[in-house]
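Colleague: The file below is run_26.txt, compact mmCIF, N, CA and C atoms:
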```
# COMPACT_ATOMS: atom_id res chain seq x y z
N GLN A 27 12.89 -19.11 -28.75
CA GLN A 27 14.22 -19.36 -28.19
C GLN A 27 14.24 -18.93 -26.74
N VAL A 28 14.89 -19.73 -25.92
CA VAL A 28 14.99 -19.44 -24.50
C VAL A 28 16.45 -19.27 -24.11
N GLN A 29 16.73 -18.28 -23.31
CA GLN A 29 18.07 -18.11 -22.74
C GLN A 29 17.97 -18.14 -21.23
N LEU A 30 18.93 -18.80 -20.61
CA LEU A 30 18.95 -18.96 -19.16
C LEU A 30 20.26 -18.39 -18.63
N VAL A 31 20.17 -17.57 -17.61
CA VAL A 31 21.37 -16.98 -17.02
C VAL A 31 21.36 -17.21 -15.51
N GLU A 32 22.34 -17.96 -15.04
CA GLU A 32 22.45 -18.25 -13.62
C GLU A 32 23.29 -17.18 -12.91
N SER A 33 23.04 -17.03 -11.64
CA SER A 33 23.83 -16.14 -10.79
C SER A 33 23.72 -16.61 -9.36
N GLY A 34 24.60 -16.07 -8.51
CA GLY A 34 24.51 -16.36 -7.08
C GLY A 34 25.54 -17.33 -6.55
N GLY A 35 26.35 -17.90 -7.44
CA GLY A 35 27.37 -18.82 -6.96
C GLY A 35 28.48 -18.08 -6.25
N GLY A 36 29.40 -18.83 -5.67
CA GLY A 36 30.52 -18.22 -4.98
C GLY A 36 31.20 -19.19 -4.05
N LEU A 37 32.04 -18.63 -3.19
CA LEU A 37 32.79 -19.42 -2.21
C LEU A 37 32.12 -19.27 -0.86
N VAL A 38 31.87 -20.40 -0.21
CA VAL A 38 31.19 -20.39 1.09
C VAL A 38 31.82 -21.45 1.97
N GLN A 39 31.78 -21.23 3.26
CA GLN A 39 32.33 -22.21 4.19
C GLN A 39 31.31 -23.33 4.46
N VAL A 40 31.84 -24.43 4.93
CA VAL A 40 30.98 -25.56 5.30
C VAL A 40 29.91 -25.08 6.29
N GLY A 41 28.67 -25.51 6.02
CA GLY A 41 27.55 -25.12 6.86
C GLY A 41 26.87 -23.84 6.44
N GLY A 42 27.47 -23.14 5.47
CA GLY A 42 26.91 -21.89 5.01
C GLY A 42 25.77 -22.07 4.03
N SER A 43 25.29 -20.95 3.52
CA SER A 43 24.16 -20.95 2.61
C SER A 43 24.43 -20.08 1.39
N LEU A 44 23.78 -20.43 0.30
CA LEU A 44 23.79 -19.64 -0.92
C LEU A 44 22.42 -19.77 -1.57
N ARG A 45 22.06 -18.73 -2.31
CA ARG A 45 20.85 -18.82 -3.12
C ARG A 45 21.21 -18.55 -4.57
N LEU A 46 20.94 -19.53 -5.41
CA LEU A 46 21.17 -19.39 -6.84
C LEU A 46 19.90 -18.89 -7.52
N SER A 47 20.11 -18.11 -8.56
CA SER A 47 19.00 -17.62 -9.36
C SER A 47 19.23 -17.97 -10.82
N CYS A 48 18.16 -18.17 -11.54
CA CYS A 48 18.22 -18.44 -12.97
C CYS A 48 17.15 -17.60 -13.65
N ALA A 49 17.59 -16.59 -14.38
CA ALA A 49 16.66 -15.72 -15.08
C ALA A 49 16.47 -16.22 -16.50
N ALA A 50 15.22 -16.42 -16.88
CA ALA A 50 14.89 -16.91 -18.21
C ALA A 50 14.39 -15.76 -19.08
N SER A 51 14.83 -15.75 -20.32
CA SER A 51 14.32 -14.79 -21.28
C SER A 51 13.70 -15.54 -22.44
N GLY A 52 12.79 -14.88 -23.14
CA GLY A 52 12.07 -15.56 -24.19
C GLY A 52 10.74 -16.09 -23.66
N SER A 53 10.03 -16.78 -24.50
CA SER A 53 8.71 -17.27 -24.14
C SER A 53 8.81 -18.53 -23.28
N ILE A 54 8.13 -18.51 -22.16
CA ILE A 54 8.06 -19.68 -21.30
C ILE A 54 6.66 -20.27 -21.46
N LEU A 55 6.59 -21.52 -21.86
CA LEU A 55 5.32 -22.17 -22.12
C LEU A 55 4.84 -22.94 -20.90
N GLY A 56 3.56 -23.21 -20.89
CA GLY A 56 2.99 -23.93 -19.76
C GLY A 56 3.53 -25.34 -19.62
N ILE A 57 3.99 -25.92 -20.72
CA ILE A 57 4.49 -27.30 -20.66
C ILE A 57 5.96 -27.36 -20.26
N ASP A 58 6.60 -26.21 -20.15
CA ASP A 58 8.02 -26.20 -19.77
C ASP A 58 8.19 -26.61 -18.31
N THR A 59 9.25 -27.34 -18.04
CA THR A 59 9.63 -27.63 -16.66
C THR A 59 11.08 -27.19 -16.47
N MET A 60 11.40 -26.74 -15.29
CA MET A 60 12.73 -26.21 -15.03
C MET A 60 13.34 -26.87 -13.80
N GLY A 61 14.67 -26.86 -13.80
CA GLY A 61 15.35 -27.47 -12.68
C GLY A 61 16.81 -27.08 -12.60
N TRP A 62 17.48 -27.64 -11.62
CA TRP A 62 18.90 -27.39 -11.37
C TRP A 62 19.67 -28.71 -11.46
N TYR A 63 20.82 -28.63 -12.10
CA TYR A 63 21.75 -29.75 -12.18
C TYR A 63 23.11 -29.24 -11.74
N ARG A 64 24.02 -30.17 -11.46
CA ARG A 64 25.38 -29.76 -11.11
C ARG A 64 26.38 -30.76 -11.68
N GLN A 65 27.59 -30.27 -11.86
CA GLN A 65 28.66 -31.12 -12.36
C GLN A 65 29.94 -30.79 -11.62
N ALA A 66 30.44 -31.77 -10.90
CA ALA A 66 31.70 -31.64 -10.19
C ALA A 66 32.84 -32.09 -11.10
N PRO A 67 34.06 -31.64 -10.85
CA PRO A 67 35.20 -32.04 -11.70
C PRO A 67 35.32 -33.55 -11.79
N GLY A 68 35.43 -34.06 -13.01
CA GLY A 68 35.61 -35.48 -13.22
C GLY A 68 34.37 -36.32 -13.06
N LYS A 69 33.23 -35.66 -12.86
CA LYS A 69 31.98 -36.40 -12.66
C LYS A 69 30.95 -35.99 -13.71
N GLN A 70 29.94 -36.83 -13.86
CA GLN A 70 28.86 -36.53 -14.78
C GLN A 70 27.91 -35.49 -14.18
N ARG A 71 27.24 -34.79 -15.06
CA ARG A 71 26.22 -33.85 -14.60
C ARG A 71 25.09 -34.63 -13.95
N GLU A 72 24.61 -34.12 -12.83
CA GLU A 72 23.56 -34.83 -12.10
C GLU A 72 22.43 -33.89 -11.71
N LEU A 73 21.27 -34.48 -11.56
CA LEU A 73 20.11 -33.72 -11.11
C LEU A 73 20.29 -33.29 -9.66
N VAL A 74 19.94 -32.03 -9.39
CA VAL A 74 19.89 -31.55 -8.02
C VAL A 74 18.43 -31.46 -7.58
N ALA A 75 17.65 -30.72 -8.34
CA ALA A 75 16.23 -30.55 -8.03
C ALA A 75 15.53 -30.01 -9.27
N ARG A 76 14.27 -30.36 -9.44
CA ARG A 76 13.53 -29.79 -10.55
C ARG A 76 12.04 -29.87 -10.29
N PHE A 77 11.32 -29.01 -10.99
CA PHE A 77 9.88 -29.12 -11.04
C PHE A 77 9.55 -30.16 -12.10
N THR A 78 8.57 -30.99 -11.83
CA THR A 78 8.21 -32.05 -12.75
C THR A 78 6.85 -31.80 -13.42
N GLY A 79 6.21 -30.73 -13.05
CA GLY A 79 4.89 -30.42 -13.59
C GLY A 79 4.06 -29.79 -12.49
N GLY A 80 3.46 -28.64 -12.79
CA GLY A 80 2.71 -27.95 -11.74
C GLY A 80 3.63 -27.55 -10.62
N VAL A 81 3.30 -27.93 -9.40
CA VAL A 81 4.12 -27.59 -8.25
C VAL A 81 4.91 -28.79 -7.74
N SER A 82 4.83 -29.90 -8.43
CA SER A 82 5.55 -31.09 -8.01
C SER A 82 7.04 -30.92 -8.22
N THR A 83 7.81 -31.43 -7.27
CA THR A 83 9.26 -31.32 -7.33
C THR A 83 9.91 -32.65 -7.01
N ILE A 84 11.13 -32.81 -7.48
CA ILE A 84 11.96 -33.93 -7.08
C ILE A 84 13.33 -33.41 -6.69
N TYR A 85 13.97 -34.10 -5.75
CA TYR A 85 15.29 -33.72 -5.27
C TYR A 85 16.21 -34.93 -5.29
N ALA A 86 17.49 -34.66 -5.50
CA ALA A 86 18.48 -35.71 -5.30
C ALA A 86 18.52 -36.05 -3.82
N ASP A 87 18.72 -37.32 -3.51
CA ASP A 87 18.76 -37.74 -2.10
C ASP A 87 19.81 -36.96 -1.31
N SER A 88 20.90 -36.63 -1.98
CA SER A 88 22.02 -35.98 -1.29
C SER A 88 21.70 -34.56 -0.84
N VAL A 89 20.64 -33.96 -1.38
CA VAL A 89 20.33 -32.57 -1.03
C VAL A 89 18.99 -32.43 -0.31
N LYS A 90 18.25 -33.50 -0.18
CA LYS A 90 16.94 -33.43 0.48
C LYS A 90 17.08 -32.89 1.89
N GLY A 91 16.21 -31.97 2.22
CA GLY A 91 16.24 -31.37 3.55
C GLY A 91 17.20 -30.20 3.67
N ARG A 92 18.05 -30.01 2.68
CA ARG A 92 19.02 -28.90 2.73
C ARG A 92 18.76 -27.87 1.62
N PHE A 93 18.34 -28.33 0.46
CA PHE A 93 18.12 -27.45 -0.69
C PHE A 93 16.62 -27.32 -0.95
N THR A 94 16.23 -26.15 -1.44
CA THR A 94 14.84 -25.90 -1.81
C THR A 94 14.77 -25.19 -3.15
N ILE A 95 14.01 -25.77 -4.06
CA ILE A 95 13.81 -25.15 -5.37
C ILE A 95 12.51 -24.35 -5.32
N SER A 96 12.54 -23.19 -5.96
CA SER A 96 11.34 -22.36 -6.01
C SER A 96 11.38 -21.53 -7.29
N ARG A 97 10.30 -20.85 -7.56
CA ARG A 97 10.26 -20.05 -8.79
C ARG A 97 9.32 -18.87 -8.60
N ASP A 98 9.58 -17.87 -9.40
CA ASP A 98 8.71 -16.69 -9.48
C ASP A 98 8.29 -16.59 -10.94
N ASN A 99 7.09 -17.04 -11.25
CA ASN A 99 6.65 -17.09 -12.65
C ASN A 99 6.57 -15.70 -13.26
N ALA A 100 6.17 -14.72 -12.48
CA ALA A 100 6.05 -13.36 -13.00
C ALA A 100 7.40 -12.82 -13.44
N LYS A 101 8.44 -13.19 -12.70
CA LYS A 101 9.80 -12.72 -13.02
C LYS A 101 10.53 -13.70 -13.92
N LYS A 102 9.91 -14.83 -14.22
CA LYS A 102 10.54 -15.88 -15.03
C LYS A 102 11.90 -16.25 -14.43
N THR A 103 11.90 -16.46 -13.14
CA THR A 103 13.14 -16.74 -12.43
C THR A 103 12.99 -17.98 -11.56
N LEU A 104 13.99 -18.83 -11.63
CA LEU A 104 14.07 -20.05 -10.84
C LEU A 104 15.12 -19.85 -9.77
N TYR A 105 14.87 -20.40 -8.59
CA TYR A 105 15.81 -20.25 -7.48
C TYR A 105 16.20 -21.61 -6.91
N LEU A 106 17.35 -21.62 -6.27
CA LEU A 106 17.77 -22.78 -5.50
C LEU A 106 18.38 -22.28 -4.21
N GLN A 107 17.67 -22.46 -3.12
CA GLN A 107 18.19 -22.11 -1.81
C GLN A 107 18.98 -23.29 -1.27
N MET A 108 20.24 -23.06 -0.97
CA MET A 108 21.11 -24.14 -0.52
C MET A 108 21.60 -23.83 0.90
N ASN A 109 21.24 -24.67 1.83
CA ASN A 109 21.63 -24.51 3.23
C ASN A 109 22.51 -25.68 3.66
N SER A 110 23.19 -25.49 4.77
CA SER A 110 24.03 -26.55 5.34
C SER A 110 24.96 -27.15 4.28
N LEU A 111 25.63 -26.28 3.57
CA LEU A 111 26.46 -26.73 2.46
C LEU A 111 27.63 -27.58 2.93
N LYS A 112 27.97 -28.54 2.10
CA LYS A 112 29.04 -29.48 2.38
C LYS A 112 30.10 -29.39 1.27
N PRO A 113 31.32 -29.83 1.55
CA PRO A 113 32.35 -29.79 0.49
C PRO A 113 31.93 -30.56 -0.76
N GLU A 114 31.17 -31.63 -0.59
CA GLU A 114 30.74 -32.42 -1.75
C GLU A 114 29.67 -31.71 -2.60
N ASP A 115 29.21 -30.57 -2.15
CA ASP A 115 28.29 -29.76 -2.96
C ASP A 115 29.05 -28.89 -3.96
N THR A 116 30.37 -28.87 -3.85
CA THR A 116 31.18 -28.08 -4.77
C THR A 116 30.99 -28.58 -6.19
N ALA A 117 30.61 -27.67 -7.08
CA ALA A 117 30.33 -28.03 -8.48
C ALA A 117 29.94 -26.78 -9.25
N VAL A 118 29.83 -26.94 -10.55
CA VAL A 118 29.18 -25.92 -11.38
C VAL A 118 27.70 -26.28 -11.43
N TYR A 119 26.87 -25.31 -11.10
CA TYR A 119 25.43 -25.52 -11.07
C TYR A 119 24.80 -24.92 -12.32
N TYR A 120 23.97 -25.73 -12.98
CA TYR A 120 23.34 -25.34 -14.23
C TYR A 120 21.83 -25.30 -14.09
N CYS A 121 21.26 -24.30 -14.69
CA CYS A 121 19.81 -24.19 -14.80
C CYS A 121 19.39 -24.91 -16.09
N ASN A 122 18.25 -25.53 -16.05
CA ASN A 122 17.76 -26.32 -17.18
C ASN A 122 16.28 -26.04 -17.41
N LEU A 123 15.92 -25.95 -18.67
CA LEU A 123 14.51 -25.86 -19.05
C LEU A 123 14.24 -26.96 -20.06
N ALA A 124 13.23 -27.76 -19.79
CA ALA A 124 12.85 -28.85 -20.68
C ALA A 124 11.54 -28.51 -21.37
N ARG A 125 11.54 -28.59 -22.69
CA ARG A 125 10.36 -28.32 -23.49
C ARG A 125 10.23 -29.46 -24.48
N TYR A 126 9.22 -30.32 -24.24
CA TYR A 126 9.10 -31.56 -25.00
C TYR A 126 10.44 -32.31 -24.91
N SER A 127 11.09 -32.59 -25.99
CA SER A 127 12.34 -33.33 -25.94
C SER A 127 13.56 -32.42 -26.02
N HIS A 128 13.34 -31.11 -26.02
CA HIS A 128 14.45 -30.17 -26.14
C HIS A 128 14.86 -29.65 -24.77
N LEU A 129 16.17 -29.59 -24.56
CA LEU A 129 16.72 -29.08 -23.31
C LEU A 129 17.50 -27.80 -23.54
N TYR A 130 17.22 -26.80 -22.73
CA TYR A 130 17.98 -25.56 -22.73
C TYR A 130 18.82 -25.52 -21.46
N TRP A 131 20.04 -24.99 -21.59
CA TRP A 131 20.96 -24.91 -20.45
C TRP A 131 21.51 -23.51 -20.31
N GLY A 132 21.74 -23.11 -19.08
CA GLY A 132 22.48 -21.89 -18.83
C GLY A 132 23.96 -22.15 -18.89
N GLN A 133 24.75 -21.11 -18.64
CA GLN A 133 26.20 -21.23 -18.73
C GLN A 133 26.82 -21.80 -17.46
N GLY A 134 26.05 -21.84 -16.39
CA GLY A 134 26.51 -22.40 -15.14
C GLY A 134 27.09 -21.36 -14.20
N THR A 135 27.04 -21.67 -12.91
CA THR A 135 27.63 -20.81 -11.89
C THR A 135 28.37 -21.70 -10.90
N GLN A 136 29.58 -21.29 -10.56
CA GLN A 136 30.43 -22.11 -9.70
C GLN A 136 30.06 -21.94 -8.24
N VAL A 137 29.93 -23.06 -7.56
CA VAL A 137 29.73 -23.07 -6.11
C VAL A 137 30.89 -23.85 -5.51
N THR A 138 31.60 -23.22 -4.60
CA THR A 138 32.73 -23.86 -3.94
C THR A 138 32.51 -23.80 -2.43
N VAL A 139 32.53 -24.96 -1.80
CA VAL A 139 32.34 -25.04 -0.36
C VAL A 139 33.66 -25.43 0.26
N SER A 140 34.19 -24.56 1.08
CA SER A 140 35.51 -24.80 1.67
C SER A 140 35.38 -25.31 3.09
N SER A 141 36.30 -26.19 3.43
CA SER A 141 36.33 -26.71 4.79
C SER A 141 37.50 -26.10 5.57
```
Could you show the structure in this file as structure tokens?

Modeller:
Amino acid sequence: QVQLVESGGGLVQVGGSLRLSCAASGSILGIDTMGWYRQAPGKQRELVARFTGGVSTIYADSVKGRFTISRDNAKKTLYLQMNSLKPEDTAVYYCNLARYSHLYWGQGTQVTVSS
């Protein structure tokens, strides 16, 4: 069983930065891949960034060049560095771990970008 706990969200002004963290507990397998998703009010949950295997990553077009996903395997922690934040980045951000066809989710952390 895997548990994911996000932290680091908050209120930030346009152009500001935040770093989200996702601490994983339980066994992390080599085939697991992890990533970040977000869900804004009234919208579907969408991919922000994720590892796709090894060190390969994918990003949503809307965050390319502004967000960076990284991880510390020893600490079993996933990060999302978010720079140049925009009001449209306002959402609940969720950490995700994919293992075969099973998806694990954290409880989410709110990010609000004020103009």

Colleague: Could you check the closest approach to Gly41 in chain A for each of A:Trp62, A:Lys112, A:Gln133, A:Gly68 and tell me which residue wins, using only C-alpha atoms?

Modeller: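 The answer is A:Lys112, which sits nearest to Gly41 in chain A.
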
Colleague: Name all residues at most 10 Å from Lys90 in chain A (count only C-alpha atoms; drop same-chain ones fewer than 6 positions away) and give them as a PyMOL selection string.

Modeller: chain A and resi 74-75+84

Colleague: Applying 6 Å and all atoms listed in the file, which residues near range 100-106 of chain A remain after dropping the ones on its own chain fewer than 6 positions away? List them as a PyMOL selection string.

Modeller: chain A and resi 44-50+94

Colleague: Write a file of the selected residues as a PDB file, in the coordinates of the input, keeping N, CA and C atoms.

Modeller:
```pdb
ATOM      1  N   LEU A  44      23.780 -20.430   0.300  1.00  0.00           N
ATOM      2  CA  LEU A  44      23.790 -19.640  -0.920  1.00  0.00           C
ATOM      3  C   LEU A  44      22.420 -19.770  -1.570  1.00  0.00           C
ATOM      4  N   ARG A  45      22.060 -18.730  -2.310  1.00  0.00           N
ATOM      5  CA  ARG A  45      20.850 -18.820  -3.120  1.00  0.00           C
ATOM      6  C   ARG A  45      21.210 -18.550  -4.570  1.00  0.00           C
ATOM      7  N   LEU A  46      20.940 -19.530  -5.410  1.00  0.00           N
ATOM      8  CA  LEU A  46      21.170 -19.390  -6.840  1.00  0.00           C
ATOM      9  C   LEU A  46      19.900 -18.890  -7.520  1.00  0.00           C
ATOM     10  N   SER A  47      20.110 -18.110  -8.560  1.00  0.00           N
ATOM     11  CA  SER A  47      19.000 -17.620  -9.360  1.00  0.00           C
ATOM     12  C   SER A  47      19.230 -17.970 -10.820  1.00  0.00           C
ATOM     13  N   CYS A  48      18.160 -18.170 -11.540  1.00  0.00           N
ATOM     14  CA  CYS A  48      18.220 -18.440 -12.970  1.00  0.00           C
ATOM     15  C   CYS A  48      17.150 -17.600 -13.650  1.00  0.00           C
ATOM     16  N   ALA A  49      17.590 -16.590 -14.380  1.00  0.00           N
ATOM     17  CA  ALA A  49      16.660 -15.720 -15.080  1.00  0.00           C
ATOM     18  C   ALA A  49      16.470 -16.220 -16.500  1.00  0.00           C
ATOM     19  N   ALA A  50      15.220 -16.420 -16.880  1.00  0.00           N
ATOM     20  CA  ALA A  50      14.890 -16.910 -18.210  1.00  0.00           C
ATOM     21  C   ALA A  50      14.390 -15.760 -19.080  1.00  0.00           C
ATOM     22  N   THR A  94      16.230 -26.150  -1.440  1.00  0.00           N
ATOM     23  CA  THR A  94      14.840 -25.900  -1.810  1.00  0.00           C
ATOM     24  C   THR A  94      14.770 -25.190  -3.150  1.00  0.00           C
TER      25      THR A  94
END
```

Colleague: With all atoms listed in the file as the basis for distance, which of A:Gln136, A:Ala124, A:Met60, A:Tyr130 is at the shortest distance from Val28 in chain A?

Modeller: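 Looking only at the distances to Val28 in chain A, the closest residue turns out to be A:Tyr130.
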
Colleague: CA of Arg92 in chain A and atom N of Gly35 in chain A are how many Å apart?

Modeller: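 Spanning CA of Arg92 in chain A to atom N of Gly35 in chain A is a straight-line distance of 16.7 Å.
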
Colleague: Have a look at atom N of Gly56 in chain A and atom N of Tyr85 in chain A and let me know their distance in Å, one decimal.

Modeller: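 Rounded to one decimal, the two atoms are 21.4 Å apart.
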
Colleague: Could you give me, as a ChimeraX atom specification, each residue of chain A that DSSP assigns to strand (DSSP E or B) when run on this structure's backbone?

Modeller: /A:29-33,36-39,44-51,59-65,72-79,82-85,93-98,103-108,117-125,128-131,135-140

Colleague: For a quick check of understanding, using only C-alpha atoms, which of A:Thr59, A:Thr83, A:Thr135, A:Ser43 has the smallest distance to Ser110 in chain A?

Modeller: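 Using only C-alpha atoms, Ser110 in chain A sits closest to A:Ser43.
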
Colleague: In Å, with one decimal, what is the gap from CA of Tyr126 in chain A to CA of Leu55 in chain A?

Modeller: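 Taking CA of Tyr126 in chain A as the start and CA of Leu55 in chain A as the end point, the length is 10.5 Å.
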
Colleague: Residues at most 6 Å from range 114-117 of chain A, counting all atoms listed in the file, excluding those fewer than 5 positions away in the same chain, as a PyMOL selection string?

Modeller: chain A and resi 64-67+135-139

Colleague: Residues within 8 Å of Gly132 in chain A, please, as a PDB file with N, CA and C atoms, in the coordinates of the input. Count only N, CA and C atoms; anything in the same chain fewer than 2 positions from it doesn't count.

Modeller:
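out-v5.pdb was written with the following content:
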```pdb
ATOM      1  N   GLN A  29      16.730 -18.280 -23.310  1.00  0.00           N
ATOM      2  CA  GLN A  29      18.070 -18.110 -22.740  1.00  0.00           C
ATOM      3  C   GLN A  29      17.970 -18.140 -21.230  1.00  0.00           C
ATOM      4  N   LEU A  30      18.930 -18.800 -20.610  1.00  0.00           N
ATOM      5  CA  LEU A  30      18.950 -18.960 -19.160  1.00  0.00           C
ATOM      6  C   LEU A  30      20.260 -18.390 -18.630  1.00  0.00           C
ATOM      7  N   VAL A  31      20.170 -17.570 -17.610  1.00  0.00           N
ATOM      8  CA  VAL A  31      21.370 -16.980 -17.020  1.00  0.00           C
ATOM      9  C   VAL A  31      21.360 -17.210 -15.510  1.00  0.00           C
ATOM     10  N   GLU A  32      22.340 -17.960 -15.040  1.00  0.00           N
ATOM     11  CA  GLU A  32      22.450 -18.250 -13.620  1.00  0.00           C
ATOM     12  C   GLU A  32      23.290 -17.180 -12.910  1.00  0.00           C
ATOM     13  N   TYR A 119      26.870 -25.310 -11.100  1.00  0.00           N
ATOM     14  CA  TYR A 119      25.430 -25.520 -11.070  1.00  0.00           C
ATOM     15  C   TYR A 119      24.800 -24.920 -12.320  1.00  0.00           C
ATOM     16  N   TYR A 120      23.970 -25.730 -12.980  1.00  0.00           N
ATOM     17  CA  TYR A 120      23.340 -25.340 -14.230  1.00  0.00           C
ATOM     18  C   TYR A 120      21.830 -25.300 -14.090  1.00  0.00           C
ATOM     19  N   CYS A 121      21.260 -24.300 -14.690  1.00  0.00           N
ATOM     20  CA  CYS A 121      19.810 -24.190 -14.800  1.00  0.00           C
ATOM     21  C   CYS A 121      19.390 -24.910 -16.090  1.00  0.00           C
ATOM     22  N   ASN A 122      18.250 -25.530 -16.050  1.00  0.00           N
ATOM     23  CA  ASN A 122      17.760 -26.320 -17.180  1.00  0.00           C
ATOM     24  C   ASN A 122      16.280 -26.040 -17.410  1.00  0.00           C
ATOM     25  N   LEU A 123      15.920 -25.950 -18.670  1.00  0.00           N
ATOM     26  CA  LEU A 123      14.510 -25.860 -19.050  1.00  0.00           C
ATOM     27  C   LEU A 123      14.240 -26.960 -20.060  1.00  0.00           C
ATOM     28  N   LEU A 129      16.170 -29.590 -24.560  1.00  0.00           N
ATOM     29  CA  LEU A 129      16.720 -29.080 -23.310  1.00  0.00           C
ATOM     30  C   LEU A 129      17.500 -27.800 -23.540  1.00  0.00           C
ATOM     31  N   TYR A 130      17.220 -26.800 -22.730  1.00  0.00           N
ATOM     32  CA  TYR A 130      17.980 -25.560 -22.730  1.00  0.00           C
ATOM     33  C   TYR A 130      18.820 -25.520 -21.460  1.00  0.00           C
ATOM     34  N   GLY A 134      26.050 -21.840 -16.390  1.00  0.00           N
ATOM     35  CA  GLY A 134      26.510 -22.400 -15.140  1.00  0.00           C
ATOM     36  C   GLY A 134      27.090 -21.360 -14.200  1.00  0.00           C
ATOM     37  N   THR A 135      27.040 -21.670 -12.910  1.00  0.00           N
ATOM     38  CA  THR A 135      27.630 -20.810 -11.890  1.00  0.00           C
ATOM     39  C   THR A 135      28.370 -21.700 -10.900  1.00  0.00           C
TER      40      THR A 135
END
```

Colleague: Find the residue from A:Asn109, A:Asp58, A:Gly36, A:Ser141 that sits nearest to Gly79 in chain A; use all atoms listed in the file when measuring.

Modeller: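 Selected residue with least distance to Gly79 in chain A: A:Asp58.
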